[in-house]
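Working notes, beginning with the structure itself.
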Amino acid sequence: MKLSKQEIQDIAKLARLDLTEAELEKYGGQLSAVLSYIDQLKEVNVKGVEPAAQVTGLENVLREDEVKNWDEKEIEEALKDAPEKEGRFIKVKRVIE
């Protein structure tokens with residue numbers, strides 16, 4: 001799929017790239033080659049092939065979240081280097097946008 005110079009300029013503008021004429025020519029050719037390859041993939045017969053999000057067979061290995069209560073010593077240790085504290089909490093500046 002051969003892209004026109006105007007299409008390359010439009011893509012560069014959308015990507016916020018300020019390309020020189022030489023760069024437009026170089027990257028335009030490369031992008032056209034990639035799109036041509038993708039066009040070839042469109043011709044592959046995939047009838048009867050199940051879609052796959054991943055093919056490794058791995059499953060979620062994350063553990064379940066569980067609440068663990070800390071004793072006073074653990075709380076004190078966690079808060080000891082906090083610049084400002086309010087009771088058992090670290091005090092931070094308010095962030096509002």
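Ordered as shown in the structure tokens, chains take letters A, B, and onward, while each chain numbers its residues from 1 and ligands are numbered from 1 in the order shown.
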Please identify every residue of stretch 36-81 of chain A that has at least one atom no farther than 10 Å from an atom of stretch 89-93 of chain A, counting only C-alpha atoms, and for each give the shortest atom pair and the distance in Å to one decimal, arranged by chain then increasing number, as a tab-separated table.
```
residue	atom	partner	partner_atom	distance
A:Ile75	CA	A:Phe89	CA	9.4
A:Ala78	CA	A:Ile90	CA	9.7
A:Leu79	CA	A:Ile90	CA	7.1
A:Lys80	CA	A:Ile90	CA	10.0
A:Asp81	CA	A:Ile90	CA	9.8
```
Export, as a compact mmCIF listing (two decimals), in the first residue's frame, the selected residues with C-alpha atoms.
```txt
# COMPACT_ATOMS: atom_id res chain seq x y z
CA ILE A 75 2.61 0.56 62.35
CA ALA A 78 6.05 2.04 58.82
CA LEU A 79 5.39 5.59 60.03
CA LYS A 80 8.79 6.35 61.56
CA ASP A 81 10.22 8.08 58.45
```
- [ ] Determine which residues of stretch 2-91 of chain A DSSP labels as strand (DSSP E or B) from the backbone of this structure, then write them out as a PyMOL selection string.
- [x] chain A and resi 85-86+89-90
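Within stretch 11-72 of chain A, DSSP run on the backbone puts these residues in helix (DSSP H, G or I): Ile11, Ala12, Lys13, Leu14, Glu21, Ala22, Glu23, Leu24, Glu25, Lys26, Tyr27, Gly28, Gly29, Gln30, Leu31, Ser32, Ala33, Val34, Leu35, Ser36, Tyr37, Ile38, Asp39, Gln40, Leu41, Lys42 and Glu72 of chain A.
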- [ ] Compile the contact shell of A:Tyr37 as a list of chain:residue names: residues with an atom at most 12 Å away, counting only C-alpha atoms, same-chain residues fewer than 6 positions apart removed.
- [x] A:Met1, A:Lys2, A:Gln30, A:Leu31, A:Glu43, A:Val44
Writing out the chosen residues with N, CA and C atoms as a CSV table (one decimal), in the first residue's frame:
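The new file out_10.csv reads:
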```csv
chain,number,residue,atom,x,y,z
A,1,MET,N,0.8,-1.2,0.0
A,1,MET,CA,0.0,0.0,0.0
A,1,MET,C,0.9,1.2,0.0
A,2,LYS,N,0.9,2.0,-1.0
A,2,LYS,CA,1.7,3.2,-1.2
A,2,LYS,C,0.9,4.4,-0.7
A,30,GLN,N,9.1,3.5,4.5
A,30,GLN,CA,9.1,2.5,5.5
A,30,GLN,C,7.6,2.1,6.0
A,31,LEU,N,6.8,3.2,6.2
A,31,LEU,CA,5.5,3.0,6.6
A,31,LEU,C,4.7,2.3,5.5
A,43,GLU,N,-4.8,-11.6,3.4
A,43,GLU,CA,-5.2,-12.6,2.5
A,43,GLU,C,-5.1,-14.0,3.1
A,44,VAL,N,-4.6,-14.2,4.3
A,44,VAL,CA,-4.4,-15.5,4.9
A,44,VAL,C,-5.8,-16.0,5.3
```
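One distance worth recording is that between atom CA of A:Leu24 and atom CA of A:Lys5, which is 7.5 Å.
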